[in-house]
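See structure below.
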Amino acid sequence: MSAVLAIALKDLRQRLRDRSVLVIGFIAPVAVAALISVAFGSAGSFHADVAVVDLDGGPVASGFTTFVKGPDLASLLTVKPVTSEADARAKVAKGDLGAAFVIPRGFSEAVTAGQSRPITVLASVDSSIAEQVARSLAESFTAQIEAVQLSVQSAVRAGAPPSSAGNLAAEASAARLPEQTVTRPAGTRALTGTSYYAPAMGIFFMLFAIGFGARGYFLERTGGTLERLAAAPIGPGTILAGKSLATFVYGVANLGTVAVVTSLVFDAHWGPPLVVLALIMALSLTMVGLTALVITVARTERQADGFASLLTFGLVLLGGNFVFIGSAPPLLRTLALLTPNGWALRAFTDLAGGAAWTAALVPLAAILAFALATGAVAYSLRGRVAAP
Amino acid sequence: MTTPPALALATAELKRVTRDRTFLFFLVVLPVLVILLVGLTNPSSTSIRIAVVPGQPSPLATQLVHDVEASPALTTQRYATRAQGVDALRRGEVEAVVVVPATLDADLRSGATIRIPVLVTGAVQSSQAAVTAVSSIVARHGATVEAARFATAHSSRSLDQNLATTRSLQRETHVVPVRTEVVNRKSNVLPLGYNYSAPTMLVLFVFINALAGGAAMIQTRRYGIFARALAAPIRPRDIVLGETLCYLTLALGQALLIVLVGAVLFGVSWGNPLAAAVLIGLWALVGTGAGMVSGTLFRTPEQATAIGPAVGIAFGMLGGCMWPLEIVPRSVSLAGHATPHAWAVDAWVTLLSRGGGLADIAGYLTILAGYAVALFAFASFRLRRSLVTP
């Protein structure tokens with residue numbers, strides 16, 4: 001046991017003395033998380049400045065202005081004054097306004113007479129969300145008018161005498177729309193950029209340790225230390241256990257530090273500490289398996305470096321560490337679950353989103369399965385490892 | 001005729017580094033994969049993503065679900081249960097979950113008024129845009145139901161017959177139309193999808209790879225190649241020039257590859273060819289300069305390969321390669337312009353979104369040229385000093 005510890009401690013000491021390991025493992029992920037928290041820290045919810053150009057001046061048009069200025073929409077819109085339609089156009093084009101509504105001349109009169117004049121939403125090529133929101137609001141408003149006009153027209157089509165249209169319209173105006181949306185909290189917490197990218201970048205940079213570990217093995221082989229270890233009265237299993245322990249501890253320390261620092265300094269939500277620790281330990285075990293796999297497959301230090309890079313980047317690209325996997329197409333989201341880091345991110349995302357700790361159980365099992373599978377493959381290929 | 005020493009050195013170095021398959025992976029395969037991935041996750045439409053839990057397959061509920069799915073403002077995905085919809089919301093896959101009540105059909109037919117829950121995350125305001133879009137669809141659906149109920153009360157026809165009539169009336173006449181007019185044509189941000197990912201990843205990867213090239217330079221120095229070259233009748237200037245040529249060729253080659261792959265595989269349009277060529281050329285120079293600085297600043301190749309890409313990624317984030325600087329606070333955007341990346345991305349925006357030409361990006365090009373000159377001056381000063389240091 002003491003031999004295992006001695007080998008592990010030696011490996012860890014050696015690794016921590018390497019400044020590039022410190023940069024990749026600790027400084028880079030924290031710096032990236034810091035950048036993301038600065039970039040998105042104050043990016044709140046959608047809000048747009050809009051204007052209403054009332055060319056009509058009638059009661060329906062002023063009803064629309066009141067609707068848009070209503071307290072329900074205050075968090076979504078701010079209605080800014082404009083002097084004319086041309087002024088509104090210029091401000092939309094310049095980006096000062098997200099969108100503008102133009103109520104045409106004769107709008108109120110046309111609506112009252114059961115006819116139609118279009119409301120125009122002015123938008124910029126760069127404000128597509130504002131355009132859609134403005135359009136939706138205008139359609140919500142006109143739906144009530146539409147209900148009255150459709151009611152009269154449908155009743156007449158269904159056999160009501162056309163001469164009664166006036167009375168029908170008066171009656172229909174009294175009715176309210178039978179369907180409304182009601183906004184309810186889903187019990188989830190908003191997933192911030194920092195809460196997603198802190199684990200994503202932490203895992204990304206942690207996976208570089210596969211390269212460090214594998215390269216270290218080949219360097220020791222060329223340096224002759226492995227030969228000398230083999231001469232000592234310890235079995236190859238002890239050497240392997242010592243090196244695996246070092247990789248495991250490094251992984252836990254690495255991602256653990258990133259978790260603690262980003263939680264404390266940048267307010268990243270990782271989840272309940274014990275569950276997070278379990279996930280980090282499972283990931284570190286996977287890393288041990290992957291490192292062993294690279295050592296068994298590679299023949300030289302350069303090959304080890306190459307395989308490790310391929311593996312690291314293949315995993316992070318597929319697993320969603322590089323891009324926000326939530327906005328990826330469903331197929332990519334499914335493919336992400338072919339990787340241990342994809343499962344880890346799923347767990348961290350769910351925990352950050354306010355899910356119960358049990359949400360991490362399936363990902364945890366999946367990550368452990370990867371650890372087991374990679375370890376088993378490496379073990380079955382142990383004969384390939386070139387003797388020192 | 002003999003080859004000039006700088007050219008011979010450049011060719012030799014080029015041969016050596018391109019034999020490294022890992023280097024080629026980072027040079028060729030990785031950028032293409034990342035362009036594909038970022039392009040896929042930045043879909044070319046900016047519609048709002050909504051989850052729909054359809055409830056019972058009754059006619060009115062089915063019609064409502066259809067209306068929600070047909071809206072151009074929304075990208076929808078169906079989930080069988082509310083819990084699955086909430087999972088998608090928690091993971092940021094959707095911005096709101098529309099739960100169609102199981103009793104919708106029966107309630108509406110019985111003349112009742114119903115409320116359709118739209119589940120949102122945390123603070124309600126964060127999903128206002130999504131809620132607004134759904135509300136307008138629900139309102140228009142409600143308008144047809146209300147009209148059909150009204151017609152049924154005033155005629156002998158059934159509710160279903162009248163519903164069919166109101167739906168067709170709504171389609172035919174669109175009683176109070178809302179139309180959209182886009183007032184400008186020139187955009188201030190890069191288009192989405194591959195048109196965003198290809199130019200920004202060109203900026204990102206040419207720089208990162210050039211920085212990683214610094215490691216190869218350190219390796220060359222450690223092999224003693226410089227020291228041996230200096231023993232030959234070769235001036236230090238030629239060595240500096242040779243190194244520059246080698247890494248400039250690599251940077252240009254990588255940029256060209258990204259342009260070709262972008263155009264052929266992903267249908268990216270690269271704008272005015274002359275302006276794009278000058279921009280790429282200058283960017284390759286900036287990258288090469290940065291790579292030379294990295295090659296002279298770090299002592300071991302490991303340091304250069306570890307720190308270089310991390311710096312490259314950080315600069316890319318600050319400079320608008322990972323997300324448009326329009327969406328970050330103004331102070332962050334200003335700070336981002338300390339990196340050359342931000343100016344290069346600005347130049348691409350002018351070329352690709354505003355249809356600009358060489359004259360329109362002249363200002364950006366001048367700034368990039370300034371970066372290149374400064375980096376090269378620093379690197380050659382350091383390189384001449386470090387040439388003979390093993």
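Letters A, B, ... mark the chains of the structure tokens in the order given; residue numbers begin at 1 per chain; ligand numbers begin at 1, in order shown.
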Residues of chain B within 6 Å of chain A: nearest atom pair and distance (Å, one decimal) for each, counting only C-alpha atoms, sorted by chain and number, as a Markdown table?
| residue | atom | partner | partner_atom | distance |
| --- | --- | --- | --- | --- |
| B:Thr22 | CA | A:Gly306 | CA | 4.9 |
| B:Thr41 | CA | A:Ala328 | CA | 4.2 |
| B:Ala73 | CA | A:Gln132 | CA | 6.0 |
| B:Arg90 | CA | A:Gly353 | CA | 5.0 |
| B:Arg91 | CA | A:Thr349 | CA | 6.0 |
| B:Gly92 | CA | A:Gly326 | CA | 5.2 |
| B:Glu93 | CA | A:Gly326 | CA | 4.3 |
| B:Thr113 | CA | A:Pro178 | CA | 4.4 |
| B:Ile114 | CA | A:Glu179 | CA | 5.2 |
| B:Arg115 | CA | A:Gln180 | CA | 4.9 |
| B:Ile116 | CA | A:Thr181 | CA | 4.6 |
| B:Pro117 | CA | A:Val182 | CA | 4.9 |
| B:Val118 | CA | A:Thr183 | CA | 4.8 |
| B:Leu119 | CA | A:Arg184 | CA | 4.9 |
| B:Val120 | CA | A:Pro185 | CA | 5.1 |
| B:Thr121 | CA | A:Thr188 | CA | 5.1 |
| B:Gly122 | CA | A:Arg189 | CA | 4.9 |
| B:Ser126 | CA | A:Ser45 | CA | 4.5 |
| B:Ala129 | CA | A:Val133 | CA | 5.8 |
| B:Ala133 | CA | A:Ser136 | CA | 5.1 |
| B:Ser135 | CA | A:Thr181 | CA | 5.7 |
| B:Ser136 | CA | A:Ser140 | CA | 4.2 |
| B:Ala139 | CA | A:Ala143 | CA | 5.8 |
| B:Arg140 | CA | A:Ala143 | CA | 5.2 |
| B:Gly142 | CA | A:Glu179 | CA | 5.1 |
| B:Ala143 | CA | A:Ala147 | CA | 4.2 |
| B:Ala147 | CA | A:Ser151 | CA | 3.8 |
| B:Phe150 | CA | A:Ser151 | CA | 5.8 |
| B:Ala151 | CA | A:Ala155 | CA | 4.0 |
| B:Ser155 | CA | A:Ala158 | CA | 5.9 |
| B:Thr166 | CA | A:Ser154 | CA | 5.9 |
| B:Val175 | CA | A:Glu146 | CA | 5.8 |
| B:Val176 | CA | A:Ser116 | CA | 5.2 |
| B:Pro177 | CA | A:Pro118 | CA | 4.7 |
| B:Val178 | CA | A:Ile119 | CA | 4.8 |
| B:Arg179 | CA | A:Thr120 | CA | 4.9 |
| B:Thr180 | CA | A:Val121 | CA | 4.6 |
| B:Glu181 | CA | A:Leu122 | CA | 5.0 |
| B:Val182 | CA | A:Ala123 | CA | 4.8 |
| B:Val183 | CA | A:Ser124 | CA | 5.7 |
| B:Asn184 | CA | A:Ala93 | CA | 5.5 |
| B:Ser187 | CA | A:Asp126 | CA | 5.8 |
| B:Gln303 | CA | A:Ser20 | CA | 5.0 |
| B:Ala306 | CA | A:Ser20 | CA | 5.5 |
| B:Val328 | CA | A:Ala39 | CA | 5.2 |
Exercise. Could you check how far CA of Thr66 (chain A) sits from CA of Ser108 (chain A), in Å to one decimal?
Key: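 Between CA of Thr66 (chain A) and CA of Ser108 (chain A) the gap works out to 14.4 Å.
Inside region 11-66 of chain B, the residues DSSP reads as strand (DSSP E or B) when given the backbone are B:Ile48, B:Arg49, B:Ile50, B:Ala51, B:Val52, B:Val53.
Taking CA of Pro273 (chain A) as the reference point, CA of Leu364 (chain A) is found at 14.2 Å.
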Quiz prompt | Contacts of Leu372 (chain A) at 10 Å (only C-alpha atoms; same-chain gap of 6+ positions) as a PyMOL selection string | solution = chain A and resi 285-286+288-289+366+378
Exercise. List every residue of region 62-285 of chain B that DSSP, applied to the backbone of this structure, places in alpha helix (DSSP H), and write the result as a PyMOL selection string.
Key: chain B and resi 62-70+82-90+104-109+128-153+159-173+194-222+225-231+236-266+273-285
Quick one: residues within 12 Å of Leu36 (chain B), only C-alpha atoms, excluding same-chain residues fewer than 6 positions away - as a JSON list (two decimals) with N, CA and C atoms, in the first residue's frame?
[["chain", "number", "residue", "atom", "x", "y", "z"],
["A", 317, "LEU", "N", -16.32, 17.89, -27.99],
["A", 317, "LEU", "CA", -17.16, 18.37, -29.09],
["A", 317, "LEU", "C", -18.51, 17.66, -29.07],
["A", 318, "LEU", "N", -18.47, 16.35, -28.88],
["A", 318, "LEU", "CA", -19.70, 15.56, -28.90],
["A", 318, "LEU", "C", -20.51, 15.77, -27.62],
["A", 323, "VAL", "N", -20.26, 23.99, -26.84],
["A", 323, "VAL", "CA", -21.41, 24.81, -27.21],
["A", 323, "VAL", "C", -22.53, 24.48, -26.24],
["A", 328, "ALA", "N", -28.85, 22.89, -29.22],
["A", 328, "ALA", "CA", -28.49, 22.03, -30.36],
["A", 328, "ALA", "C", -29.71, 21.25, -30.81],
["A", 332, "LEU", "N", -28.18, 15.91, -31.88],
["A", 332, "LEU", "CA", -26.91, 16.19, -31.21],
["A", 332, "LEU", "C", -27.03, 16.01, -29.71],
["B", 29, "VAL", "N", -8.90, 19.16, -39.14],
["B", 29, "VAL", "CA", -10.15, 18.47, -38.76],
["B", 29, "VAL", "C", -10.93, 19.25, -37.70],
["B", 30, "LEU", "N", -10.23, 19.69, -36.66],
["B", 30, "LEU", "CA", -10.91, 20.33, -35.54],
["B", 30, "LEU", "C", -11.71, 21.57, -35.96],
["B", 42, "ASN", "N", -26.35, 27.11, -33.58],
["B", 42, "ASN", "CA", -26.82, 28.48, -33.81],
["B", 42, "ASN", "C", -27.77, 28.42, -34.98],
["B", 43, "PRO", "N", -28.96, 27.88, -34.83],
["B", 43, "PRO", "CA", -29.80, 27.65, -36.00],
["B", 43, "PRO", "C", -30.05, 28.95, -36.77],
["B", 193, "GLY", "N", -26.26, 30.51, -37.95],
["B", 193, "GLY", "CA", -25.90, 29.25, -38.59],
["B", 193, "GLY", "C", -24.44, 29.27, -39.02],
["B", 194, "TYR", "N", -24.16, 28.60, -40.13],
["B", 194, "TYR", "CA", -22.77, 28.48, -40.58],
["B", 194, "TYR", "C", -22.19, 29.82, -40.98],
["B", 195, "ASN", "N", -23.06, 30.75, -41.41],
["B", 195, "ASN", "CA", -22.56, 32.06, -41.79],
["B", 195, "ASN", "C", -21.98, 32.80, -40.59],
["B", 196, "TYR", "N", -22.40, 32.37, -39.39],
["B", 196, "TYR", "CA", -21.79, 32.93, -38.19],
["B", 196, "TYR", "C", -20.57, 32.11, -37.81],
["B", 197, "SER", "N", -20.73, 30.78, -37.80],
["B", 197, "SER", "CA", -19.66, 29.95, -37.24],
["B", 197, "SER", "C", -18.41, 29.93, -38.12],
["B", 198, "ALA", "N", -18.57, 29.96, -39.45],
["B", 198, "ALA", "CA", -17.38, 29.82, -40.29],
["B", 198, "ALA", "C", -16.42, 31.02, -40.15],
["B", 201, "MET", "N", -14.98, 31.19, -36.51],
["B", 201, "MET", "CA", -14.06, 30.11, -36.19],
["B", 201, "MET", "C", -12.77, 30.23, -37.00],
["B", 258, "ILE", "N", -10.55, 26.68, -44.42],
["B", 258, "ILE", "CA", -11.83, 27.00, -43.76],
["B", 258, "ILE", "C", -12.76, 27.72, -44.75],
["B", 261, "VAL", "N", -13.97, 24.94, -47.23],
["B", 261, "VAL", "CA", -14.92, 24.03, -46.59],
["B", 261, "VAL", "C", -16.22, 24.77, -46.29],
["B", 262, "GLY", "N", -16.07, 26.00, -45.78],
["B", 262, "GLY", "CA", -17.26, 26.81, -45.48],
["B", 262, "GLY", "C", -18.12, 27.01, -46.72],
["B", 265, "LEU", "N", -19.03, 23.00, -48.29],
["B", 265, "LEU", "CA", -19.85, 22.12, -47.46],
["B", 265, "LEU", "C", -21.01, 22.84, -46.80],
["B", 266, "PHE", "N", -20.78, 24.08, -46.35],
["B", 266, "PHE", "CA", -21.80, 24.74, -45.55],
["B", 266, "PHE", "C", -22.46, 25.91, -46.28],
["B", 267, "GLY", "N", -22.10, 26.14, -47.53],
["B", 267, "GLY", "CA", -22.75, 27.19, -48.31],
["B", 267, "GLY", "C", -22.54, 28.60, -47.76],
["B", 268, "VAL", "N", -21.38, 28.82, -47.15],
["B", 268, "VAL", "CA", -21.12, 30.16, -46.59],
["B", 268, "VAL", "C", -20.70, 31.10, -47.71]]
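The space separating CA of Ala148 (chain B) from CA of Leu163 (chain B) comes to 5.0 Å.
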Contact residues around Thr65 (chain A) with only C-alpha atoms at 10 Å, ignoring same-chain residues under 6 positions, as an mmCIF file with N, CA and C atoms, in the first residue's frame:
data_model
loop_
_atom_site.group_PDB
_atom_site.id
_atom_site.type_symbol
_atom_site.label_atom_id
_atom_site.label_comp_id
_atom_site.auth_asym_id
_atom_site.auth_seq_id
_atom_site.Cartn_x
_atom_site.Cartn_y
_atom_site.Cartn_z
ATOM 1 N N ALA A 51 -42.542 51.876 -30.155
ATOM 2 C CA ALA A 51 -43.298 53.122 -30.269
ATOM 3 C C ALA A 51 -44.602 52.811 -30.975
ATOM 4 N N VAL A 52 -45.614 53.623 -30.692
ATOM 5 C CA VAL A 52 -46.881 53.477 -31.401
ATOM 6 C C VAL A 52 -47.084 54.748 -32.232
ATOM 7 N N VAL A 53 -47.234 54.594 -33.533
ATOM 8 C CA VAL A 53 -47.546 55.729 -34.402
ATOM 9 C C VAL A 53 -49.045 55.668 -34.673
ATOM 10 N N ASP A 54 -49.776 56.533 -34.015
ATOM 11 C CA ASP A 54 -51.241 56.498 -34.125
ATOM 12 C C ASP A 54 -51.688 57.496 -35.191
ATOM 13 N N PRO A 59 -60.948 55.654 -31.155
ATOM 14 C CA PRO A 59 -61.001 54.939 -29.869
ATOM 15 C C PRO A 59 -60.305 53.576 -29.891
ATOM 16 N N VAL A 79 -42.677 51.871 -23.962
ATOM 17 C CA VAL A 79 -43.181 52.620 -25.113
ATOM 18 C C VAL A 79 -42.523 53.994 -25.116
ATOM 19 N N PHE A 101 -45.243 50.179 -33.934
ATOM 20 C CA PHE A 101 -46.555 49.842 -34.485
ATOM 21 C C PHE A 101 -47.078 51.060 -35.230
ATOM 22 N N ILE A 103 -50.594 52.405 -36.636
ATOM 23 C CA ILE A 103 -52.042 52.204 -36.758
ATOM 24 C C ILE A 103 -52.519 53.127 -37.870
#
Self-check item: All residues 12 Å or closer to region 68-70 of chain B, only C-alpha atoms, same chain fewer than 4 positions away omitted, as number ranges by chain
Solution: B: 47-54, 61-64, 74-78, 97-100, 130-131, 133-141
